[in-house]
>>> print(open('protein_27.cif').read())   # mmCIF, C-alpha atoms
data_query
loop_
_atom_site.group_PDB
_atom_site.id
_atom_site.type_symbol
_atom_site.label_atom_id
_atom_site.label_comp_id
_atom_site.auth_asym_id
_atom_site.auth_seq_id
_atom_site.Cartn_x
_atom_site.Cartn_y
_atom_site.Cartn_z
ATOM 1 C CA MET A 3 -11.764 4.410 7.893
ATOM 2 C CA GLU A 4 -10.580 4.162 4.301
ATOM 3 C CA LYS A 5 -11.300 0.871 2.515
ATOM 4 C CA GLU A 6 -9.145 -0.806 -0.094
ATOM 5 C CA VAL A 7 -10.519 -0.815 -3.628
ATOM 6 C CA ILE A 8 -9.448 -2.467 -6.877
ATOM 7 C CA ILE A 9 -10.367 -0.703 -10.097
ATOM 8 C CA PRO A 10 -10.109 -3.000 -13.144
ATOM 9 C CA PHE A 11 -8.489 -1.889 -16.380
ATOM 10 C CA GLN A 12 -10.870 -0.938 -19.179
ATOM 11 C CA SER A 13 -13.760 -0.330 -16.779
ATOM 12 C CA SER A 14 -16.026 2.673 -17.210
ATOM 13 C CA LEU A 15 -15.832 5.461 -14.656
ATOM 14 C CA GLN A 16 -19.574 5.176 -14.115
ATOM 15 C CA HIS A 17 -18.853 2.039 -12.135
ATOM 16 C CA TYR A 18 -16.195 3.679 -9.948
ATOM 17 C CA LEU A 19 -18.391 4.303 -6.918
ATOM 18 C CA ARG A 20 -19.912 0.857 -7.218
ATOM 19 C CA GLN A 21 -16.401 -0.580 -7.044
ATOM 20 C CA LEU A 22 -15.913 1.064 -3.649
ATOM 21 C CA VAL A 23 -18.551 -1.286 -2.233
ATOM 22 C CA THR A 24 -18.520 -4.448 -4.329
ATOM 23 C CA GLN A 25 -14.746 -4.860 -4.575
ATOM 24 C CA TYR A 26 -14.328 -4.457 -0.841
ATOM 25 C CA LYS A 27 -16.970 -7.085 -0.112
ATOM 26 C CA SER A 28 -15.728 -9.610 -2.648
ATOM 27 C CA LYS A 29 -11.980 -9.127 -2.421
ATOM 28 C CA PHE A 30 -10.955 -8.017 1.036
ATOM 29 C CA ARG A 31 -13.335 -9.567 3.530
ATOM 30 C CA PRO A 32 -12.080 -13.108 2.691
ATOM 31 C CA VAL A 33 -8.526 -11.959 3.452
ATOM 32 C CA LEU A 34 -9.518 -10.860 6.947
ATOM 33 C CA ILE A 35 -11.597 -13.983 7.609
ATOM 34 C CA ASP A 36 -8.787 -16.263 6.458
ATOM 35 C CA PHE A 37 -6.271 -14.530 8.699
ATOM 36 C CA ARG A 38 -8.590 -14.957 11.699
ATOM 37 C CA ARG A 39 -8.153 -18.698 11.238
ATOM 38 C CA MET A 40 -4.984 -18.147 13.240
ATOM 39 C CA ARG A 41 -7.125 -17.737 16.343
ATOM 40 C CA ASN A 42 -7.634 -21.489 16.276
ATOM 41 C CA PRO A 43 -5.746 -23.180 19.181
ATOM 42 C CA ALA A 44 -3.972 -25.354 16.631
ATOM 43 C CA SER A 45 -2.119 -22.296 15.333
ATOM 44 C CA VAL A 46 -0.638 -21.290 18.703
ATOM 45 C CA GLU A 47 2.972 -21.940 17.618
ATOM 46 C CA LEU A 48 2.506 -19.938 14.430
ATOM 47 C CA ILE A 49 1.028 -17.040 16.386
ATOM 48 C CA LYS A 50 3.914 -17.189 18.810
ATOM 49 C CA SER A 51 6.474 -16.965 15.982
ATOM 50 C CA ILE A 52 4.691 -13.909 14.559
ATOM 51 C CA LYS A 53 4.621 -12.139 17.923
ATOM 52 C CA ASN A 54 8.259 -13.003 18.568
ATOM 53 C CA PHE A 55 9.250 -11.558 15.220
ATOM 54 C CA ILE A 56 7.420 -8.292 15.864
ATOM 55 C CA GLU A 57 8.939 -7.977 19.333
ATOM 56 C CA SER A 58 12.490 -8.748 18.203
ATOM 57 C CA PHE A 59 12.201 -6.472 15.157
ATOM 58 C CA SER A 60 11.053 -3.602 17.360
ATOM 59 C CA LEU A 61 14.347 -3.801 19.233
ATOM 60 C CA ASN A 62 16.441 -3.322 16.092
ATOM 61 C CA THR A 63 18.131 -0.063 15.140
ATOM 62 C CA SER A 64 16.473 1.277 12.027
ATOM 63 C CA ASN A 65 18.228 0.365 8.778
ATOM 64 C CA PRO A 66 15.752 0.355 5.857
ATOM 65 C CA GLN A 67 17.618 -1.978 3.524
ATOM 66 C CA GLU A 68 18.494 -4.509 6.222
ATOM 67 C CA ASP A 69 15.041 -4.205 7.769
ATOM 68 C CA ALA A 70 13.473 -4.967 4.394
ATOM 69 C CA LYS A 71 15.615 -8.101 3.985
ATOM 70 C CA THR A 72 14.590 -9.225 7.469
ATOM 71 C CA VAL A 73 10.893 -8.713 6.751
ATOM 72 C CA GLN A 74 11.058 -10.415 3.344
ATOM 73 C CA GLU A 75 12.818 -13.405 4.897
ATOM 74 C CA PHE A 76 10.110 -13.557 7.561
ATOM 75 C CA TYR A 77 7.436 -13.562 4.856
ATOM 76 C CA LYS A 78 9.078 -16.554 3.164
ATOM 77 C CA ASN A 79 9.456 -18.531 6.397
ATOM 78 C CA ALA A 80 5.905 -17.724 7.470
ATOM 79 C CA GLU A 81 4.522 -18.811 4.100
ATOM 80 C CA ASN A 82 6.358 -22.136 4.344
ATOM 81 C CA SER A 83 4.958 -22.665 7.842
ATOM 82 C CA ILE A 84 1.421 -21.855 6.737
ATOM 83 C CA ARG A 85 1.620 -24.120 3.691
ATOM 84 C CA SER A 86 2.629 -27.061 5.861
ATOM 85 C CA HIS A 87 0.072 -26.301 8.583
ATOM 86 C CA LYS A 88 -3.004 -28.519 8.813
ATOM 87 C CA LEU A 89 -5.360 -25.526 9.124
ATOM 88 C CA TRP A 90 -4.385 -24.378 5.636
ATOM 89 C CA ALA A 91 -3.949 -27.787 4.032
ATOM 90 C CA ASP A 92 -6.740 -27.158 1.549
ATOM 91 C CA GLN A 93 -7.102 -23.392 1.853
ATOM 92 C CA ASP A 94 -5.825 -20.290 0.047
ATOM 93 C CA VAL A 95 -2.405 -19.623 1.550
ATOM 94 C CA ASP A 96 -2.096 -16.399 -0.403
ATOM 95 C CA SER A 97 -5.059 -14.877 1.436
ATOM 96 C CA ALA A 98 -3.464 -15.772 4.756
ATOM 97 C CA MET A 99 -0.201 -14.151 3.667
ATOM 98 C CA GLU A 100 -1.977 -10.977 2.587
ATOM 99 C CA GLY A 101 -3.542 -10.763 6.028
ATOM 100 C CA LEU A 102 -0.226 -11.515 7.683
ATOM 101 C CA GLU A 103 1.586 -8.794 5.728
ATOM 102 C CA LYS A 104 -1.075 -6.266 6.662
ATOM 103 C CA TYR A 105 -0.974 -7.240 10.352
ATOM 104 C CA VAL A 106 2.808 -7.248 10.677
ATOM 105 C CA MET A 107 3.475 -4.040 8.752
ATOM 106 C CA THR A 108 0.695 -2.190 10.568
ATOM 107 C CA LYS A 109 2.389 -3.143 13.833
ATOM 108 C CA LEU A 110 5.805 -2.093 12.520
ATOM 109 C CA PHE A 111 4.654 0.960 10.570
ATOM 110 C CA SER A 112 6.055 3.622 12.887
ATOM 111 C CA GLN A 113 9.460 1.931 12.807
ATOM 112 C CA THR A 114 9.648 1.204 9.086
ATOM 113 C CA PHE A 115 7.895 4.120 7.390
ATOM 114 C CA SER A 116 10.073 7.075 6.418
ATOM 115 C CA SER A 117 13.399 8.213 7.843
ATOM 116 C CA PRO A 118 14.565 11.793 8.478
ATOM 117 C CA GLU A 119 16.318 11.674 5.096
ATOM 118 C CA ASP A 120 13.167 10.406 3.385
ATOM 119 C CA ALA A 121 11.083 13.098 5.087
ATOM 120 C CA LYS A 122 13.443 15.751 3.741
ATOM 121 C CA ILE A 123 13.041 14.402 0.196
ATOM 122 C CA ASP A 124 9.261 14.329 0.679
ATOM 123 C CA ARG A 125 9.207 18.016 1.607
ATOM 124 C CA GLU A 126 11.415 19.006 -1.325
ATOM 125 C CA ILE A 127 9.310 17.099 -3.862
ATOM 126 C CA SER A 128 6.056 18.375 -2.393
ATOM 127 C CA GLN A 129 7.257 21.972 -2.500
ATOM 128 C CA LYS A 130 8.426 21.606 -6.088
ATOM 129 C CA MET A 131 5.091 20.149 -7.187
ATOM 130 C CA ARG A 132 3.254 22.960 -5.434
ATOM 131 C CA LEU A 133 5.338 25.544 -7.292
ATOM 132 C CA LEU A 134 4.946 23.775 -10.638
ATOM 133 C CA LEU A 135 1.198 23.583 -10.282
ATOM 134 C CA THR A 136 0.938 27.385 -10.365
ATOM 135 C CA PHE A 137 1.905 27.535 -14.040
ATOM 136 C CA LEU A 138 2.397 24.070 -15.532
ATOM 137 C CA LYS A 139 0.041 23.119 -18.362
ATOM 138 C CA PRO A 140 -0.508 19.819 -20.217
ATOM 139 C CA GLU A 141 1.145 21.188 -23.334
ATOM 140 C CA HIS A 142 4.377 21.707 -21.374
ATOM 141 C CA LEU A 143 4.525 17.914 -21.081
ATOM 142 C CA ASP A 144 3.524 17.427 -24.718
ATOM 143 C CA ILE A 145 0.186 15.913 -23.750
ATOM 144 C CA SER A 146 -2.122 15.800 -26.748
ATOM 145 C CA GLU A 147 -5.398 17.692 -26.464
ATOM 146 C CA VAL A 148 -7.101 14.546 -27.711
ATOM 147 C CA LEU A 149 -5.940 12.645 -24.628
ATOM 148 C CA TRP A 150 -6.492 15.339 -22.016
ATOM 149 C CA ASN A 151 -9.579 15.628 -19.834
ATOM 150 C CA GLU A 152 -8.705 17.224 -16.504
ATOM 151 C CA ALA A 153 -12.180 16.918 -14.999
ATOM 152 C CA SER A 154 -12.311 13.181 -15.660
ATOM 153 C CA LEU A 155 -8.944 12.623 -13.985
ATOM 154 C CA TYR A 156 -10.378 13.610 -10.616
ATOM 155 C CA HIS A 157 -10.554 9.973 -9.483
ATOM 156 C CA ALA A 158 -6.917 9.339 -10.446
ATOM 157 C CA ILE A 159 -5.895 12.319 -8.308
ATOM 158 C CA LYS A 160 -8.016 11.182 -5.368
ATOM 159 C CA GLU A 161 -6.603 7.656 -5.482
ATOM 160 C CA LEU A 162 -3.058 8.984 -5.140
ATOM 161 C CA GLN A 163 -4.087 11.223 -2.270
ATOM 162 C CA ARG A 164 -5.693 8.271 -0.465
ATOM 163 C CA ILE A 165 -2.299 6.604 -0.111
ATOM 164 C CA LYS A 166 -1.741 8.346 3.242
ATOM 165 C CA ALA A 167 -4.818 6.629 4.734
ATOM 166 C CA PHE A 168 -3.240 3.169 4.782
ATOM 167 C CA LYS A 169 -0.372 1.501 6.624
ATOM 168 C CA ALA A 170 -0.143 -1.798 4.767
ATOM 169 C CA PRO A 171 2.100 -1.953 1.662
ATOM 170 C CA ARG A 172 -0.595 -3.744 -0.348
ATOM 171 C CA SER A 173 -3.189 -1.090 0.445
ATOM 172 C CA LYS A 174 -0.847 1.702 -0.588
ATOM 173 C CA LEU A 175 0.074 -0.142 -3.770
ATOM 174 C CA LEU A 176 -3.613 -0.513 -4.664
ATOM 175 C CA CYS A 177 -3.944 3.279 -4.577
ATOM 176 C CA VAL A 178 -1.077 3.513 -7.060
ATOM 177 C CA MET A 179 -2.572 0.846 -9.310
ATOM 178 C CA ASN A 180 -6.044 2.353 -9.179
ATOM 179 C CA SER A 181 -4.746 5.756 -10.198
ATOM 180 C CA CYS A 182 -2.841 4.257 -13.128
ATOM 181 C CA LYS A 183 -5.913 2.284 -14.201
ATOM 182 C CA VAL A 184 -8.156 5.336 -14.146
ATOM 183 C CA ILE A 185 -5.657 7.208 -16.312
ATOM 184 C CA TYR A 186 -5.287 4.328 -18.738
ATOM 185 C CA ASN A 187 -9.048 3.821 -18.991
ATOM 186 C CA LEU A 188 -9.538 7.516 -19.731
ATOM 187 C CA LEU A 189 -6.802 7.490 -22.354
ATOM 188 C CA LEU A 190 -8.468 4.511 -24.012
ATOM 189 C CA SER A 191 -11.805 6.300 -23.960
ATOM 190 C CA SER A 192 -10.326 9.519 -25.353
ATOM 191 C CA ALA A 193 -8.403 7.687 -28.053
ATOM 192 C CA SER A 194 -11.496 5.753 -29.147
ATOM 193 C CA LYS A 195 -13.390 9.030 -29.646
ATOM 194 C CA SER A 196 -10.622 10.589 -31.718
ATOM 195 C CA GLN A 197 -11.160 10.749 -35.457
ATOM 196 C CA ALA A 198 -7.458 10.245 -36.076
ATOM 197 C CA PRO A 199 -5.879 6.930 -34.984
ATOM 198 C CA VAL A 200 -4.091 7.182 -31.609
ATOM 199 C CA ILE A 201 -1.568 4.605 -30.414
ATOM 200 C CA LEU A 202 -1.330 4.376 -26.624
ATOM 201 C CA GLY A 203 1.990 3.504 -25.012
ATOM 202 C CA ALA A 204 4.339 4.658 -22.281
ATOM 203 C CA ASP A 205 5.068 7.852 -24.231
ATOM 204 C CA GLU A 206 1.404 8.810 -23.973
ATOM 205 C CA PHE A 207 0.724 7.414 -20.497
ATOM 206 C CA LEU A 208 3.702 8.706 -18.502
ATOM 207 C CA PRO A 209 3.266 12.459 -19.218
ATOM 208 C CA VAL A 210 -0.372 12.269 -18.101
ATOM 209 C CA LEU A 211 0.658 10.382 -14.961
ATOM 210 C CA ILE A 212 3.307 13.016 -14.218
ATOM 211 C CA TYR A 213 0.743 15.795 -14.529
ATOM 212 C CA VAL A 214 -1.729 13.894 -12.340
ATOM 213 C CA VAL A 215 0.960 13.393 -9.677
ATOM 214 C CA ILE A 216 1.717 17.115 -9.679
ATOM 215 C CA MET A 217 -1.974 17.968 -9.363
ATOM 216 C CA ALA A 218 -2.442 15.425 -6.571
ATOM 217 C CA ASN A 219 0.802 16.273 -4.752
ATOM 218 C CA PRO A 220 0.429 13.047 -2.728
ATOM 219 C CA PRO A 221 1.589 13.333 0.892
ATOM 220 C CA GLN A 222 5.010 11.793 1.550
ATOM 221 C CA LEU A 223 5.253 10.485 -2.002
ATOM 222 C CA HIS A 224 8.880 9.381 -1.800
ATOM 223 C CA SER A 225 8.421 7.656 1.569
ATOM 224 C CA ASN A 226 5.284 5.849 0.418
ATOM 225 C CA LEU A 227 6.908 4.515 -2.744
ATOM 226 C CA LYS A 228 9.995 3.398 -0.847
ATOM 227 C CA PHE A 229 7.817 1.696 1.769
ATOM 228 C CA ILE A 230 5.970 -0.252 -0.927
ATOM 229 C CA GLU A 231 9.192 -1.254 -2.671
ATOM 230 C CA LEU A 232 10.779 -2.466 0.553
ATOM 231 C CA TYR A 233 7.914 -4.139 2.383
ATOM 232 C CA ARG A 234 5.402 -5.408 -0.167
ATOM 233 C CA ARG A 235 5.953 -9.137 -0.618
ATOM 234 C CA GLU A 236 8.462 -9.587 -3.419
ATOM 235 C CA ALA A 237 6.305 -12.260 -5.064
ATOM 236 C CA LYS A 238 3.549 -9.650 -5.471
ATOM 237 C CA LEU A 239 5.692 -6.948 -7.070
ATOM 238 C CA VAL A 240 5.317 -8.422 -10.536
ATOM 239 C CA SER A 241 3.277 -7.910 -13.686
ATOM 240 C CA GLU A 242 0.640 -5.186 -13.440
ATOM 241 C CA ALA A 243 1.623 -4.148 -9.896
ATOM 242 C CA ALA A 244 5.301 -3.793 -10.816
ATOM 243 C CA CYS A 245 4.430 -1.862 -13.975
ATOM 244 C CA CYS A 246 2.261 0.671 -12.141
ATOM 245 C CA LEU A 247 4.770 1.116 -9.346
ATOM 246 C CA THR A 248 7.627 1.560 -11.821
ATOM 247 C CA HIS A 249 5.646 4.204 -13.707
ATOM 248 C CA LEU A 250 4.983 6.179 -10.532
ATOM 249 C CA VAL A 251 8.602 5.928 -9.404
ATOM 250 C CA SER A 252 9.616 7.199 -12.845
ATOM 251 C CA ALA A 253 7.146 10.074 -12.528
ATOM 252 C CA LYS A 254 8.542 10.974 -9.110
ATOM 253 C CA THR A 255 12.113 10.898 -10.432
ATOM 254 C CA PHE A 256 11.167 13.044 -13.413
ATOM 255 C CA ILE A 257 9.542 15.638 -11.158
ATOM 256 C CA SER A 258 12.512 15.659 -8.781
ATOM 257 C CA GLU A 259 14.936 16.357 -11.612
ATOM 258 C CA LEU A 260 12.595 18.528 -13.666
ATOM 259 C CA ASP A 261 13.908 21.776 -15.143
ATOM 260 C CA ALA A 262 13.175 23.883 -18.219
ATOM 261 C CA LYS A 263 14.926 21.379 -20.482
ATOM 262 C CA SER A 264 12.506 18.691 -19.312
ATOM 263 C CA LEU A 265 9.517 20.638 -20.593
ATOM 264 C CA SER A 266 8.315 22.295 -23.759
ATOM 265 C CA ILE A 267 8.783 25.769 -22.350
ATOM 266 C CA ASP A 268 11.196 28.632 -22.784
ATOM 267 C CA GLU A 269 13.914 28.511 -20.122
ATOM 268 C CA ALA A 270 13.473 32.172 -19.173
ATOM 269 C CA GLU A 271 9.719 31.690 -18.827
ATOM 270 C CA PHE A 272 10.270 28.627 -16.646
ATOM 271 C CA GLU A 273 12.654 30.422 -14.291
ATOM 272 C CA GLU A 274 10.392 33.467 -14.048
ATOM 273 C CA SER A 275 7.384 31.294 -13.317
ATOM 274 C CA MET A 276 9.218 29.321 -10.632
ATOM 275 C CA GLU A 277 10.476 32.514 -9.003
ATOM 276 C CA ALA A 278 7.014 34.043 -9.023
ATOM 277 C CA ALA A 279 5.647 30.854 -7.471
ATOM 278 C CA ARG A 280 8.256 30.995 -4.715
ATOM 279 C CA LEU A 281 7.350 34.564 -3.873
ATOM 280 C CA ASN A 282 3.737 33.561 -3.480
ATOM 281 C CA ASP A 283 4.443 30.253 -1.818
ATOM 282 C CA ILE A 284 2.479 29.320 1.271
ATOM 283 C CA CYS A 285 3.970 27.590 4.291
ATOM 284 C CA VAL A 286 3.626 23.803 3.991
ATOM 285 C CA HIS A 287 3.599 23.028 7.700
ATOM 286 C CA THR A 288 0.384 24.620 8.910
ATOM 287 C CA PRO A 289 -3.043 25.523 7.536
ATOM 288 C CA LEU A 290 -3.537 28.851 5.794
ATOM 289 C CA LEU A 291 -4.050 31.572 8.424
ATOM 290 C CA SER A 292 -3.576 34.972 6.834
ATOM 291 C CA GLY A 293 -0.840 37.040 8.443
ATOM 292 C CA LYS A 294 0.498 34.341 10.780
ATOM 293 C CA THR A 295 4.070 33.053 10.703
ATOM 294 C CA CYS A 296 5.037 29.385 10.820
ATOM 295 C CA SER A 297 7.137 28.536 13.872
ATOM 296 C CA ARG A 298 9.086 25.925 11.879
ATOM 297 C CA CYS A 299 10.068 27.629 8.636
ATOM 298 C CA LYS A 300 9.442 31.266 9.684
ATOM 299 C CA LYS A 301 7.590 31.872 6.428
ATOM 300 C CA PRO A 302 4.335 33.797 6.345
ATOM 301 C CA GLN A 303 1.411 31.455 5.839
ATOM 302 C CA ASN A 304 0.023 33.894 3.297
ATOM 303 C CA SER A 305 2.835 35.516 1.335
ATOM 304 C CA LYS A 306 0.455 37.844 -0.523
ATOM 305 C CA PHE A 307 -0.663 39.293 2.800
ATOM 306 C CA PHE A 308 2.966 39.620 3.888
ATOM 307 C CA LEU A 309 4.022 41.436 0.716
ATOM 308 C CA LYS A 310 1.054 43.799 1.004
ATOM 309 C CA GLU A 311 2.011 44.648 4.571
ATOM 310 C CA LEU A 312 5.654 45.083 3.578
ATOM 311 C CA ALA A 313 4.680 47.527 0.814
ATOM 312 C CA THR A 314 3.050 49.819 3.367
ATOM 313 C CA LEU A 315 6.369 50.176 5.178
ATOM 314 C CA VAL A 316 8.402 51.172 2.127
#
>>> encode(input="protein_27.cif", output="C-alpha cells")
Amino acid sequence: MEKEVIIPFQSSLQHYLRQLVTQYKSKFRPVLIDFRRMRNPASVELIKSIKNFIESFSLNTSNPQEDAKTVQEFYKNAENSIRSHKLWADQDVDSAMEGLEKYVMTKLFSQTFSSPEDAKIDREISQKMRLLLTFLKPEHLDISEVLWNEASLYHAIKELQRIKAFKAPRSKLLCVMNSCKVIYNLLLSSASKSQAPVILGADEFLPVLIYVVIMANPPQLHSNLKFIELYRREAKLVSEAACCLTHLVSAKTFISELDAKSLSIDEAEFEESMEAARLNDICVHTPLLSGKTCSRCKKPQNSKFFLKELATLV
C-alpha cells in the first residue's frame, strides 16, 4: 500500500528515499492514532453523527458542486463538535480532522470521484499528452538548458503518477505538492550551479511543471484535481498547498488548450508531428498486445503492426 510522504522545499534529493520512511513515521502515524481516540465510549454520539452523515450522503443523487458544499459543511460542524468534546479538550483537533477527512472521503470515494463528463476529459487530456510526448522538447516550452535535467526530474514524475494510489484528498494533494517541491529544489540547484545569475519565478517554474506533467501523464488528472479542489478541507487549501495546486491546474489547462501558438515551434511542424503521433497511437484502454484490436475503441493496440499488415494488402 502506498504511504503518504512530505518532501520539504530546498531539501536535497539524496534524502528523498529517507523521507519515505521518516516522514511517514513522524507525520502520519499521529493522525491515525488521534483519530482512533473516537473508539472511546465517550465519543459514541460523535461516531453516530459521522456514520449517519455517510449513510445519508450515500443516498443522494450525485451533484459534484452540491456534494462538495455538503461535505465542507459537515467538516465545519464536525470540527466544532470535536473542539467542544472532552476527549479533545487539550489535544490537536487538526490531527483528528485530518483523520476524519481521510475516513469519510475513503468511504465516499466511489460516489464523489469523477463523473462520466470528467472521465471523458481525462481521456482527452491523457491522449493529448501521449501524442505530445512523441515530439515535444524542453526548448518548445522555452525551458533554459541551464534549468533542465530530465534524469533528475524522475521523482517529480513518479510523485504525480502516485496520485492514483490514494483516495483521500490530502494524500492526493501531497503528491502534487511533492512533485512541485522536487521541481523547485532542482531548479534551485541548477540555478546555483549556473555561472550567469538566474532568477527563479513562475515563468521558470511553470514550463518545467508542464513538461513534467506531460512526461508523467498522470492517470485521471482532471478528475484528481477536481476531487482535491472539492473535497480537501477549505481551511487547508491555502499558502503552499494552494500555490502548488493552482500551478498544476494551470499546467493542465495549458495542456488542454495547447496548440502550435502555445509553443516555440513552427505551426506546420506541430501539425505534422501531431498527425504522425496519431497514426502511431496505441490504444489507451488495454495493454500493448501486438495485432489485437481493442473492443472499446476498435483501434489496433499496435498501430505500427496494423500499418505493416495493411501494406501487404495494397
>>> residues_around(input="protein_27.cif", residues="Leu247 of chain A", least_positions_apart="6", cutoff="10 Å", atoms="all atoms listed in the file", output="list in words")
Leu175, Leu176, Val178, Met179, Cys182, Leu227, Ile230, Glu231, Leu239, Val240 and Ala253 of chain A
>>> resolve_selection(input="protein_27.cif", expression="the PyMOL selection byres ((chain A and resi 159-170) around 8)", output="list of chain:residue names")
A:Met3, A:Glu4, A:Glu103, A:Lys104, A:Tyr105, A:Met107, A:Thr108, A:Phe111, A:Leu155, A:Tyr156, A:His157, A:Ala158, A:Pro171, A:Arg172, A:Ser173, A:Lys174, A:Cys177, A:Val178, A:Asn180, A:Ser181, A:Val214, A:Val215, A:Met217, A:Ala218, A:Asn219, A:Pro220, A:Pro221, A:Gln222, A:Asn226
>>> residues_around(input="protein_27.cif", residues="Ala70 of chain A", least_positions_apart="5", cutoff="10 Å", atoms="all atoms listed in the file", output="list in words")
Asn65, Glu75, Phe76, Thr114, Phe229, Glu231, Leu232, Tyr233, Arg234 and Arg235 of chain A
>>> closest_residue(input="protein_27.cif", among="A:Arg85, A:Lys183, A:Lys122, A:Lys139", to="Leu265 of chain A", atoms="all atoms listed in the file")
A:Lys139
>>> residues_around(input="protein_27.cif", residues="Ser225 of chain A", least_positions_apart="3", cutoff="8 Å", atoms="all atoms listed in the file", output="PyMOL selection string")
chain A and resi 115-116+120-121+124+222+228-229
>>> atom_distance(input="protein_27.cif", atom1="atom CA of Ile84 of chain A", atom2="atom CA of Val106 of chain A")
15.2 Å
>>> atom_distance(input="protein_27.cif", atom1="atom CA of Glu271 of chain A", atom2="atom CA of Ser154 of chain A")
28.9 Å
>>> closest_residue(input="protein_27.cif", among="A:Ala237, A:Leu134, A:Leu223, A:Ile185", to="Phe272 of chain A", atoms="only C-alpha atoms")
A:Leu134
>>> decode(input="protein_27.cif", residues="segment 209-224 of chain A", atoms="N, CA and C atoms", output="compact mmCIF listing (two decimals), in the first residue's frame")
# COMPACT_ATOMS: atom_id res chain seq x y z
N PRO A 209 6.75 26.24 -16.95
CA PRO A 209 7.08 25.43 -18.13
C PRO A 209 7.68 24.07 -17.78
N VAL A 210 8.51 24.03 -16.74
CA VAL A 210 9.10 22.75 -16.33
C VAL A 210 8.01 21.84 -15.78
N LEU A 211 7.11 22.41 -14.99
CA LEU A 211 5.99 21.62 -14.46
C LEU A 211 5.13 21.06 -15.59
N ILE A 212 4.86 21.87 -16.59
CA ILE A 212 4.06 21.43 -17.73
C ILE A 212 4.72 20.24 -18.42
N TYR A 213 6.03 20.35 -18.63
CA TYR A 213 6.75 19.26 -19.29
C TYR A 213 6.75 18.00 -18.43
N VAL A 214 6.91 18.17 -17.13
CA VAL A 214 6.88 17.03 -16.20
C VAL A 214 5.51 16.36 -16.22
N VAL A 215 4.45 17.16 -16.26
CA VAL A 215 3.09 16.60 -16.32
C VAL A 215 2.91 15.78 -17.58
N ILE A 216 3.40 16.29 -18.70
CA ILE A 216 3.27 15.57 -19.97
C ILE A 216 4.06 14.27 -19.92
N MET A 217 5.24 14.30 -19.34
CA MET A 217 6.04 13.08 -19.23
C MET A 217 5.39 12.07 -18.29
N ALA A 218 4.78 12.57 -17.22
CA ALA A 218 4.15 11.68 -16.24
C ALA A 218 2.82 11.15 -16.74
N ASN A 219 2.09 12.00 -17.49
CA ASN A 219 0.74 11.66 -17.94
C ASN A 219 -0.04 11.00 -16.80
N PRO A 220 -0.26 11.74 -15.71
CA PRO A 220 -0.89 11.16 -14.52
C PRO A 220 -2.28 10.62 -14.83
N PRO A 221 -2.64 9.47 -14.31
CA PRO A 221 -3.96 8.90 -14.56
C PRO A 221 -5.07 9.78 -14.00
N GLN A 222 -6.08 10.01 -14.82
CA GLN A 222 -7.27 10.77 -14.40
C GLN A 222 -6.88 12.12 -13.78
N LEU A 223 -6.04 12.84 -14.48
CA LEU A 223 -5.51 14.10 -13.97
C LEU A 223 -6.63 15.09 -13.64
N HIS A 224 -7.52 15.31 -14.57
CA HIS A 224 -8.61 16.27 -14.35
C HIS A 224 -9.46 15.86 -13.16
